[in-house]
>>> print(open('structure_10.pdb').read())   # PDB, C-alpha atoms
ATOM      1  CA  MET A  38      -7.664  12.531 -17.326
ATOM      2  CA  LYS A  39      -9.671  15.353 -15.760
ATOM      3  CA  ALA A  40      -9.696  18.518 -17.892
ATOM      4  CA  ILE A  41     -10.859  22.095 -17.503
ATOM      5  CA  VAL A  42     -11.291  24.711 -20.203
ATOM      6  CA  LEU A  43     -11.060  28.366 -19.161
ATOM      7  CA  TYR A  44     -11.651  31.317 -21.435
ATOM      8  CA  LYS A  45     -11.773  35.090 -21.571
ATOM      9  CA  SER A  46     -13.847  36.261 -24.513
ATOM     10  CA  LYS A  47     -14.793  39.797 -25.430
ATOM     11  CA  SER A  48     -16.886  39.204 -28.546
ATOM     12  CA  GLY A  49     -17.713  35.495 -28.424
ATOM     13  CA  PHE A  50     -15.164  33.856 -30.743
ATOM     14  CA  VAL A  51     -12.942  32.521 -27.942
ATOM     15  CA  LYS A  52     -16.012  31.322 -26.050
ATOM     16  CA  LYS A  53     -17.178  29.410 -29.125
ATOM     17  CA  TYR A  54     -13.838  27.617 -29.394
ATOM     18  CA  ALA A  55     -13.769  26.957 -25.638
ATOM     19  CA  LYS A  56     -17.201  25.308 -25.810
ATOM     20  CA  TRP A  57     -16.154  23.102 -28.718
ATOM     21  CA  ILE A  58     -12.946  22.084 -26.933
ATOM     22  CA  ALA A  59     -14.780  21.341 -23.666
ATOM     23  CA  GLU A  60     -17.318  19.205 -25.538
ATOM     24  CA  ALA A  61     -14.596  17.265 -27.362
ATOM     25  CA  LEU A  62     -12.678  16.607 -24.138
ATOM     26  CA  LYS A  63     -15.742  16.153 -21.910
ATOM     27  CA  ALA A  64     -14.109  18.856 -19.801
ATOM     28  CA  ASP A  65     -15.467  21.371 -17.336
ATOM     29  CA  LEU A  66     -15.937  24.827 -18.874
ATOM     30  CA  PHE A  67     -15.602  28.144 -17.034
ATOM     31  CA  GLU A  68     -15.153  31.809 -17.780
ATOM     32  CA  ALA A  69     -11.661  32.459 -16.409
ATOM     33  CA  SER A  70     -12.721  35.052 -13.829
ATOM     34  CA  LYS A  71     -14.944  32.446 -12.144
ATOM     35  CA  VAL A  72     -12.057  30.109 -11.235
ATOM     36  CA  ASN A  73      -9.136  30.567  -8.864
ATOM     37  CA  VAL A  74      -5.802  28.775  -9.021
ATOM     38  CA  ASN A  75      -6.740  26.420  -6.173
ATOM     39  CA  LYS A  76      -9.597  25.042  -8.295
ATOM     40  CA  LEU A  77      -7.138  24.364 -11.133
ATOM     41  CA  MET A  78      -5.172  22.036  -8.867
ATOM     42  CA  ASP A  79      -8.051  19.518  -9.154
ATOM     43  CA  TYR A  80      -7.350  18.994 -12.877
ATOM     44  CA  ASP A  81      -4.754  17.077 -14.909
ATOM     45  CA  VAL A  82      -5.246  19.181 -18.055
ATOM     46  CA  ILE A  83      -5.770  22.939 -18.187
ATOM     47  CA  VAL A  84      -6.817  24.610 -21.429
ATOM     48  CA  TYR A  85      -6.868  28.394 -21.451
ATOM     49  CA  GLY A  86      -8.211  30.534 -24.296
ATOM     50  CA  GLY A  87      -8.055  34.286 -24.729
ATOM     51  CA  GLY A  88      -8.395  36.842 -27.450
ATOM     52  CA  LEU A  89      -5.279  38.382 -28.924
ATOM     53  CA  HIS A  90      -4.625  42.098 -28.687
ATOM     54  CA  ALA A  91      -1.265  43.453 -29.881
ATOM     55  CA  ALA A  92       0.143  39.895 -29.550
ATOM     56  CA  GLY A  93      -0.982  39.689 -25.906
ATOM     57  CA  ILE A  94      -3.386  36.957 -24.791
ATOM     58  CA  ASN A  95      -6.219  38.428 -22.721
ATOM     59  CA  GLY A  96      -6.304  37.158 -19.141
ATOM     60  CA  LEU A  97      -3.356  34.776 -19.505
ATOM     61  CA  LYS A  98      -1.739  36.030 -16.283
ATOM     62  CA  LYS A  99      -4.026  33.624 -14.394
ATOM     63  CA  ILE A 100      -1.878  30.834 -15.869
ATOM     64  CA  THR A 101       1.554  32.442 -16.226
ATOM     65  CA  ASN A 102       1.562  34.086 -12.772
ATOM     66  CA  ASN A 103       0.729  30.698 -11.237
ATOM     67  CA  TYR A 104       2.984  28.626 -13.457
ATOM     68  CA  ASP A 105       5.078  27.277 -10.552
ATOM     69  CA  LYS A 106       1.942  25.760  -9.021
ATOM     70  CA  LEU A 107       0.631  24.451 -12.348
ATOM     71  CA  LYS A 108       3.752  23.224 -14.140
ATOM     72  CA  ASP A 109       3.056  19.565 -13.293
ATOM     73  CA  LYS A 110      -0.205  19.812 -15.266
ATOM     74  CA  LYS A 111      -0.649  19.544 -19.009
ATOM     75  CA  ILE A 112      -1.224  23.173 -19.998
ATOM     76  CA  VAL A 113      -2.552  24.177 -23.398
ATOM     77  CA  VAL A 114      -3.221  27.779 -24.361
ATOM     78  CA  PHE A 115      -4.999  29.071 -27.422
ATOM     79  CA  GLY A 116      -5.206  32.600 -28.660
ATOM     80  CA  SER A 117      -7.780  33.818 -31.106
ATOM     81  CA  GLY A 118      -7.666  36.796 -33.419
ATOM     82  CA  ALA A 119      -8.997  37.903 -36.773
ATOM     83  CA  SER A 120      -5.741  37.705 -38.729
ATOM     84  CA  PRO A 121      -4.576  34.625 -40.609
ATOM     85  CA  SER A 122      -1.936  32.545 -38.847
ATOM     86  CA  THR A 123       1.733  33.084 -39.701
ATOM     87  CA  SER A 124       4.781  31.521 -38.068
ATOM     88  CA  LYS A 125       6.176  35.015 -37.401
ATOM     89  CA  ALA A 126       2.987  36.090 -35.601
ATOM     90  CA  ILE A 127       2.871  32.880 -33.553
ATOM     91  CA  SER A 128       6.500  33.339 -32.489
ATOM     92  CA  GLU A 129       5.721  36.925 -31.473
ATOM     93  CA  VAL A 130       2.754  35.782 -29.369
ATOM     94  CA  LYS A 131       4.787  33.042 -27.663
ATOM     95  CA  ASN A 132       7.703  35.373 -26.907
ATOM     96  CA  LYS A 133       5.445  38.116 -25.564
ATOM     97  CA  ASN A 134       3.336  35.871 -23.326
ATOM     98  CA  PHE A 135       5.574  33.037 -22.119
ATOM     99  CA  SER A 136       9.013  32.760 -20.530
ATOM    100  CA  ALA A 137      11.527  30.401 -22.157
ATOM    101  CA  GLU A 138      10.690  27.741 -19.552
ATOM    102  CA  GLN A 139       6.953  28.185 -20.091
ATOM    103  CA  GLN A 140       7.399  27.859 -23.852
ATOM    104  CA  GLN A 141       8.966  24.433 -23.271
ATOM    105  CA  HIS A 142       5.993  23.234 -21.204
ATOM    106  CA  ILE A 143       2.916  25.151 -22.400
ATOM    107  CA  GLN A 144       1.551  24.139 -25.790
ATOM    108  CA  PHE A 145       0.209  27.126 -27.748
ATOM    109  CA  TYR A 146      -2.299  27.147 -30.621
ATOM    110  CA  TYR A 147      -3.618  30.007 -32.711
ATOM    111  CA  LEU A 148      -7.291  29.605 -33.637
ATOM    112  CA  ARG A 149      -8.544  32.203 -36.075
ATOM    113  CA  GLY A 150     -11.612  33.974 -34.722
ATOM    114  CA  GLY A 151     -13.120  37.139 -36.124
ATOM    115  CA  VAL A 152     -14.238  40.662 -35.435
ATOM    116  CA  ASP A 153     -17.662  41.819 -34.307
ATOM    117  CA  PHE A 154     -17.371  45.536 -33.609
ATOM    118  CA  ASN A 155     -20.840  45.673 -32.017
ATOM    119  CA  LYS A 156     -19.960  43.097 -29.326
ATOM    120  CA  LEU A 157     -16.727  44.754 -28.205
ATOM    121  CA  PRO A 158     -16.414  46.717 -24.957
ATOM    122  CA  PHE A 159     -16.306  50.512 -25.296
ATOM    123  CA  ILE A 160     -12.517  50.880 -24.961
ATOM    124  CA  ASP A 161     -11.908  48.232 -27.630
ATOM    125  CA  LYS A 162     -14.353  49.982 -29.946
ATOM    126  CA  MET A 163     -12.423  53.207 -29.470
ATOM    127  CA  LEU A 164      -9.096  51.501 -30.185
ATOM    128  CA  LEU A 165     -10.540  49.877 -33.293
ATOM    129  CA  ARG A 166     -11.902  53.230 -34.475
ATOM    130  CA  LEU A 167      -8.436  54.774 -34.027
ATOM    131  CA  LEU A 168      -6.889  51.919 -35.989
ATOM    132  CA  ASN A 169      -9.527  52.418 -38.679
ATOM    133  CA  ILE A 170      -8.631  56.128 -38.928
ATOM    134  CA  LYS A 171      -4.945  55.250 -39.217
ATOM    135  CA  ILE A 172      -5.609  52.709 -41.983
ATOM    136  CA  GLN A 173      -7.876  55.118 -43.876
ATOM    137  CA  ALA A 174      -5.201  57.823 -43.679
ATOM    138  CA  LYS A 175      -2.679  55.386 -45.097
ATOM    139  CA  ALA A 176      -5.052  54.567 -47.957
ATOM    140  CA  LYS A 177      -5.625  58.267 -48.703
ATOM    141  CA  ARG A 178      -1.839  58.711 -49.034
ATOM    142  CA  LYS A 179      -1.952  55.950 -51.668
ATOM    143  CA  ILE A 180       0.136  53.606 -49.507
ATOM    144  CA  LYS A 181      -0.621  49.972 -50.291
ATOM    145  CA  LEU A 182      -2.662  48.321 -47.549
ATOM    146  CA  SER A 183      -1.956  44.806 -46.299
ATOM    147  CA  SER A 184      -4.683  42.191 -46.559
ATOM    148  CA  ASP A 185      -5.126  42.452 -42.762
ATOM    149  CA  GLU A 186      -5.678  46.213 -43.029
ATOM    150  CA  ILE A 187      -8.206  45.792 -45.838
ATOM    151  CA  GLY A 188     -10.002  43.148 -43.781
ATOM    152  CA  MET A 189     -10.019  45.372 -40.707
ATOM    153  CA  LEU A 190     -11.660  48.221 -42.624
ATOM    154  CA  SER A 191     -14.474  45.977 -43.785
ATOM    155  CA  ALA A 192     -14.841  44.228 -40.398
ATOM    156  CA  ILE A 193     -15.852  47.476 -38.713
ATOM    157  CA  LYS A 194     -18.820  47.726 -41.078
ATOM    158  CA  LYS A 195     -19.790  44.060 -41.083
ATOM    159  CA  PRO A 196     -18.858  41.317 -38.581
ATOM    160  CA  VAL A 197     -16.539  38.576 -39.830
ATOM    161  CA  ASP A 198     -16.338  35.090 -38.350
ATOM    162  CA  PHE A 199     -13.506  32.749 -39.350
ATOM    163  CA  THR A 200     -14.167  30.166 -36.630
ATOM    164  CA  LYS A 201     -14.392  26.558 -37.747
ATOM    165  CA  LYS A 202     -14.852  23.588 -35.471
ATOM    166  CA  GLU A 203     -12.126  21.652 -37.283
ATOM    167  CA  ASN A 204      -9.607  24.324 -36.192
ATOM    168  CA  ILE A 205      -9.520  22.632 -32.771
ATOM    169  CA  ASN A 206      -8.542  19.196 -34.136
ATOM    170  CA  GLU A 207      -4.774  19.574 -33.664
ATOM    171  CA  LEU A 208      -5.233  20.895 -30.122
ATOM    172  CA  ILE A 209      -7.572  18.008 -29.220
ATOM    173  CA  ALA A 210      -5.175  15.453 -30.742
ATOM    174  CA  TYR A 211      -2.291  16.857 -28.719
ATOM    175  CA  ILE A 212      -4.230  16.610 -25.461
ATOM    176  CA  THR A 213      -5.646  13.142 -26.070
ATOM    177  CA  THR A 214      -2.502  11.495 -27.463
ATOM    178  CA  SER A 215       0.368  12.932 -25.421
ATOM    179  CA  SER A 216       1.164  12.204 -21.803
ATOM    180  CA  ILE A 217       1.406  14.788 -19.043
TER     181      ILE A 217
END
>>> encode(input="structure_10.pdb", output="structure tokens")
Amino acid sequence: MKAIVLYKSKSGFVKKYAKWIAEALKADLFEASKVNVNKLMDYDVIVYGGGLHAAGINGLKKITNNYDKLKDKKIVVFGSGASPSTSKAISEVKNKNFSAEQQQHIQFYYLRGGVDFNKLPFIDKMLLRLLNIKIQAKAKRKIKLSSDEIGMLSAIKKPVDFTKKENINELIAYITTSSI
């Protein structure tokens, strides 16, 4: 079983998971922009990881736009974000990123990452600052903040990292125990 792990990581959390997954599978590891779809045809298993932003998986179009070419492969996608996993959030991510057919064939995992404001690209920093202003305004109006909002306020001041190597165990088990 020849496997490749692709990733698109803005602040390093997705890259960390991708490295762990590639090590566990003895797979080739590439930043997604360095690989074209023709290269993917050489592999039996394709793992793609991207950061989550508004339920979208960064860079996933490389897989979904080429699904017809890749659908005979075992495809696993993971998304990483700072929020805790909920079934509602996972359903939202699946529905936003995959067609009904793709959802039947592509296995999705959520791997909790983190937030490191200092490592984000400029536009993401600006978006996070705007979100921070919105959350602070809500707090000033004495509106109860969710745990995610409270965490986001503190994450801008100090990086948070929720990655754990054992978070990949279910993904690895799926790949190594199920057939293509």
>>> resolve_selection(input="structure_10.pdb", expression="the PyMOL selection byres ((chain A and resi 212) around 10)", output="list in words")
Met38, Ala40, Leu62, Val82, Ile83, Val84, Lys111, Ile112, Val113, Gln144, Glu207, Leu208, Ile209, Ala210, Tyr211, Thr213, Thr214, Ser215, Ser216 and Ile217 of chain A
>>> resolve_selection(input="structure_10.pdb", expression="the PyMOL selection byres ((chain A and resi 68) around 10)", output="list of chain:residue names")
A:Val42, A:Leu43, A:Tyr44, A:Lys45, A:Ser46, A:Lys52, A:Ala55, A:Leu66, A:Phe67, A:Ala69, A:Ser70, A:Lys71, A:Val72, A:Tyr85, A:Gly86
>>> closest_residue(input="structure_10.pdb", among="A:Leu77, A:His142, A:Glu203, A:Lys194", to="Asn103 of chain A", atoms="all atoms listed in the file")
A:Leu77
>>> residues_around(input="structure_10.pdb", residues="Gly96 of chain A", least_positions_apart="2", cutoff="7 Å", atoms="only C-alpha atoms", output="ChimeraX atom specification")
/A:45,87,94,98-99
>>> resolve_selection(input="structure_10.pdb", expression="the PyMOL selection byres ((chain A and resi 146) around 6)", output="PyMOL selection string")
chain A and resi 115+145+147
>>> atom_distance(input="structure_10.pdb", atom1="atom CA of Asp161 of chain A", atom2="atom CA of Ser136 of chain A")
27.0 Å
>>> atom_distance(input="structure_10.pdb", atom1="atom CA of Asn132 of chain A", atom2="atom CA of Ala92 of chain A")
9.2 Å
>>> atom_distance(input="structure_10.pdb", atom1="atom CA of Gly88 of chain A", atom2="atom CA of Asp198 of chain A")
13.6 Å
>>> closest_residue(input="structure_10.pdb", among="A:Ile143, A:Ser117, A:Ala64, A:Ser124", to="Asn204 of chain A", atoms="only C-alpha atoms")
A:Ser117
>>> axis_aligned_box(input="structure_10.pdb", around="segment 145-152 of chain A", padding_each_side="3 Å", output="AutoDock Vina command-line options")
--center_x -7.0 --center_y 33.9 --center_z -31.9 --size_x 20.4 --size_y 19.5 --size_z 14.4
>>> closest_residue(input="structure_10.pdb", among="A:Lys53, A:Lys156, A:Arg178, A:His90", to="Lys201 of chain A", atoms="all atoms listed in the file")
A:Lys53
>>> residues_around(input="structure_10.pdb", residues="Gly150 of chain A", least_positions_apart="5", cutoff="7 Å", atoms="only C-alpha atoms", output="JSON, numbers by chain")
{"A": [50, 117, 118, 119, 198, 199, 200]}
>>> write_last_selection(input="structure_10.pdb", atoms="C-alpha atoms", output="short mmCIF file (atom, residue, chain, number, x, y, z; two decimals), in the frame of the given file")
data_model
loop_
_atom_site.label_atom_id
_atom_site.label_comp_id
_atom_site.auth_asym_id
_atom_site.auth_seq_id
_atom_site.Cartn_x
_atom_site.Cartn_y
_atom_site.Cartn_z
CA PHE A 50 -15.16 33.86 -30.74
CA SER A 117 -7.78 33.82 -31.11
CA GLY A 118 -7.67 36.80 -33.42
CA ALA A 119 -9.00 37.90 -36.77
CA ASP A 198 -16.34 35.09 -38.35
CA PHE A 199 -13.51 32.75 -39.35
CA THR A 200 -14.17 30.17 -36.63
#
>>> residues_around(input="structure_10.pdb", residues="Leu168 of chain A", least_positions_apart="4", cutoff="9 Å", atoms="only C-alpha atoms", output="VMD selection string")
chain A and resid 163 to 164 172 to 173 189 to 190
>>> closest_residue(input="structure_10.pdb", among="A:Leu148, A:Asn73, A:Lys47, A:Asn95", to="Asn206 of chain A", atoms="all atoms listed in the file")
A:Leu148
>>> closest_residue(input="structure_10.pdb", among="A:Val51, A:Ala137, A:Ile127, A:Ala61", to="Ala91 of chain A", atoms="only C-alpha atoms")
A:Ile127
>>> decode(input="structure_10.pdb", residues="segment 55-66 of chain A", atoms="all heavy atoms", output="mmCIF file, in the first residue's frame")
data_model
loop_
_atom_site.group_PDB
_atom_site.id
_atom_site.type_symbol
_atom_site.label_atom_id
_atom_site.label_comp_id
_atom_site.auth_asym_id
_atom_site.auth_seq_id
_atom_site.Cartn_x
_atom_site.Cartn_y
_atom_site.Cartn_z
ATOM 1 N N ALA A 55 0.377 16.133 9.871
ATOM 2 C CA ALA A 55 0.768 15.482 8.614
ATOM 3 C C ALA A 55 2.074 14.703 8.787
ATOM 4 O O ALA A 55 2.194 13.569 8.295
ATOM 5 C CB ALA A 55 0.893 16.525 7.504
ATOM 6 N N LYS A 56 3.031 15.285 9.484
ATOM 7 C CA LYS A 56 4.301 14.593 9.733
ATOM 8 C C LYS A 56 4.084 13.327 10.547
ATOM 9 O O LYS A 56 4.649 12.274 10.238
ATOM 10 C CB LYS A 56 5.285 15.517 10.451
ATOM 11 C CG LYS A 56 5.927 16.547 9.570
ATOM 12 C CD LYS A 56 6.917 17.386 10.357
ATOM 13 C CE LYS A 56 7.666 18.336 9.468
ATOM 14 N NZ LYS A 56 8.670 19.114 10.214
ATOM 15 N N TRP A 57 3.284 13.421 11.595
ATOM 16 C CA TRP A 57 3.012 12.250 12.429
ATOM 17 C C TRP A 57 2.331 11.147 11.618
ATOM 18 O O TRP A 57 2.648 9.967 11.751
ATOM 19 C CB TRP A 57 2.134 12.615 13.623
ATOM 20 C CG TRP A 57 2.823 13.413 14.692
ATOM 21 C CD1 TRP A 57 4.157 13.485 14.962
ATOM 22 C CD2 TRP A 57 2.182 14.253 15.656
ATOM 23 N NE1 TRP A 57 4.385 14.322 16.033
ATOM 24 C CE2 TRP A 57 3.196 14.801 16.475
ATOM 25 C CE3 TRP A 57 0.861 14.603 15.911
ATOM 26 C CZ2 TRP A 57 2.918 15.664 17.534
ATOM 27 C CZ3 TRP A 57 0.587 15.468 16.964
ATOM 28 C CH2 TRP A 57 1.609 15.991 17.765
ATOM 29 N N ILE A 58 1.361 11.532 10.795
ATOM 30 C CA ILE A 58 0.635 10.560 9.977
ATOM 31 C C ILE A 58 1.587 9.909 8.964
ATOM 32 O O ILE A 58 1.588 8.686 8.791
ATOM 33 C CB ILE A 58 -0.572 11.222 9.282
ATOM 34 C CG1 ILE A 58 -1.618 11.628 10.329
ATOM 35 C CG2 ILE A 58 -1.175 10.300 8.222
ATOM 36 C CD1 ILE A 58 -2.675 12.598 9.818
ATOM 37 N N ALA A 59 2.397 10.714 8.298
ATOM 38 C CA ALA A 59 3.351 10.182 7.318
ATOM 39 C C ALA A 59 4.332 9.210 7.983
ATOM 40 O O ALA A 59 4.635 8.149 7.418
ATOM 41 C CB ALA A 59 4.097 11.322 6.635
ATOM 42 N N GLU A 60 4.799 9.549 9.166
ATOM 43 C CA GLU A 60 5.704 8.649 9.892
ATOM 44 C C GLU A 60 5.012 7.330 10.212
ATOM 45 O O GLU A 60 5.579 6.256 10.006
ATOM 46 C CB GLU A 60 6.186 9.309 11.188
ATOM 47 C CG GLU A 60 7.173 10.425 10.990
ATOM 48 C CD GLU A 60 7.442 11.225 12.266
ATOM 49 O OE1 GLU A 60 6.950 10.843 13.356
ATOM 50 O OE2 GLU A 60 8.137 12.247 12.173
ATOM 51 N N ALA A 61 3.783 7.405 10.716
ATOM 52 C CA ALA A 61 3.052 6.201 11.110
ATOM 53 C C ALA A 61 2.763 5.293 9.916
ATOM 54 O O ALA A 61 2.767 4.064 10.053
ATOM 55 C CB ALA A 61 1.751 6.581 11.818
ATOM 56 N N LEU A 62 2.518 5.892 8.771
ATOM 57 C CA LEU A 62 2.191 5.118 7.562
ATOM 58 C C LEU A 62 3.404 4.815 6.697
ATOM 59 O O LEU A 62 3.268 4.119 5.678
ATOM 60 C CB LEU A 62 1.170 5.881 6.712
ATOM 61 C CG LEU A 62 -0.198 6.131 7.321
ATOM 62 C CD1 LEU A 62 -1.030 7.033 6.408
ATOM 63 C CD2 LEU A 62 -0.911 4.813 7.586
ATOM 64 N N LYS A 63 4.559 5.374 7.056
ATOM 65 C CA LYS A 63 5.748 5.292 6.193
ATOM 66 C C LYS A 63 5.399 5.812 4.799
ATOM 67 O O LYS A 63 5.721 5.210 3.770
ATOM 68 C CB LYS A 63 6.309 3.877 6.153
ATOM 69 C CG LYS A 63 6.814 3.407 7.506
ATOM 70 C CD LYS A 63 7.327 2.008 7.444
ATOM 71 C CE LYS A 63 7.899 1.490 8.734
ATOM 72 N NZ LYS A 63 7.184 1.743 9.954
ATOM 73 N N ALA A 64 4.713 6.953 4.803
ATOM 74 C CA ALA A 64 4.199 7.567 3.576
ATOM 75 C C ALA A 64 5.086 8.720 3.138
ATOM 76 O O ALA A 64 5.836 9.292 3.935
ATOM 77 C CB ALA A 64 2.778 8.085 3.825
ATOM 78 N N ASP A 65 4.956 9.081 1.875
ATOM 79 C CA ASP A 65 5.607 10.283 1.365
ATOM 80 C C ASP A 65 4.846 11.487 1.900
ATOM 81 O O ASP A 65 3.617 11.446 2.047
ATOM 82 C CB ASP A 65 5.594 10.289 -0.161
ATOM 83 C CG ASP A 65 6.459 9.178 -0.748
ATOM 84 O OD1 ASP A 65 7.388 8.709 -0.063
ATOM 85 O OD2 ASP A 65 6.187 8.772 -1.896
ATOM 86 N N LEU A 66 5.552 12.569 2.165
ATOM 87 C CA LEU A 66 4.968 13.778 2.746
ATOM 88 C C LEU A 66 5.301 14.978 1.872
ATOM 89 O O LEU A 66 6.465 15.196 1.540
ATOM 90 C CB LEU A 66 5.533 13.997 4.158
ATOM 91 C CG LEU A 66 5.141 15.275 4.894
ATOM 92 C CD1 LEU A 66 3.653 15.250 5.249
ATOM 93 C CD2 LEU A 66 5.985 15.429 6.158
#
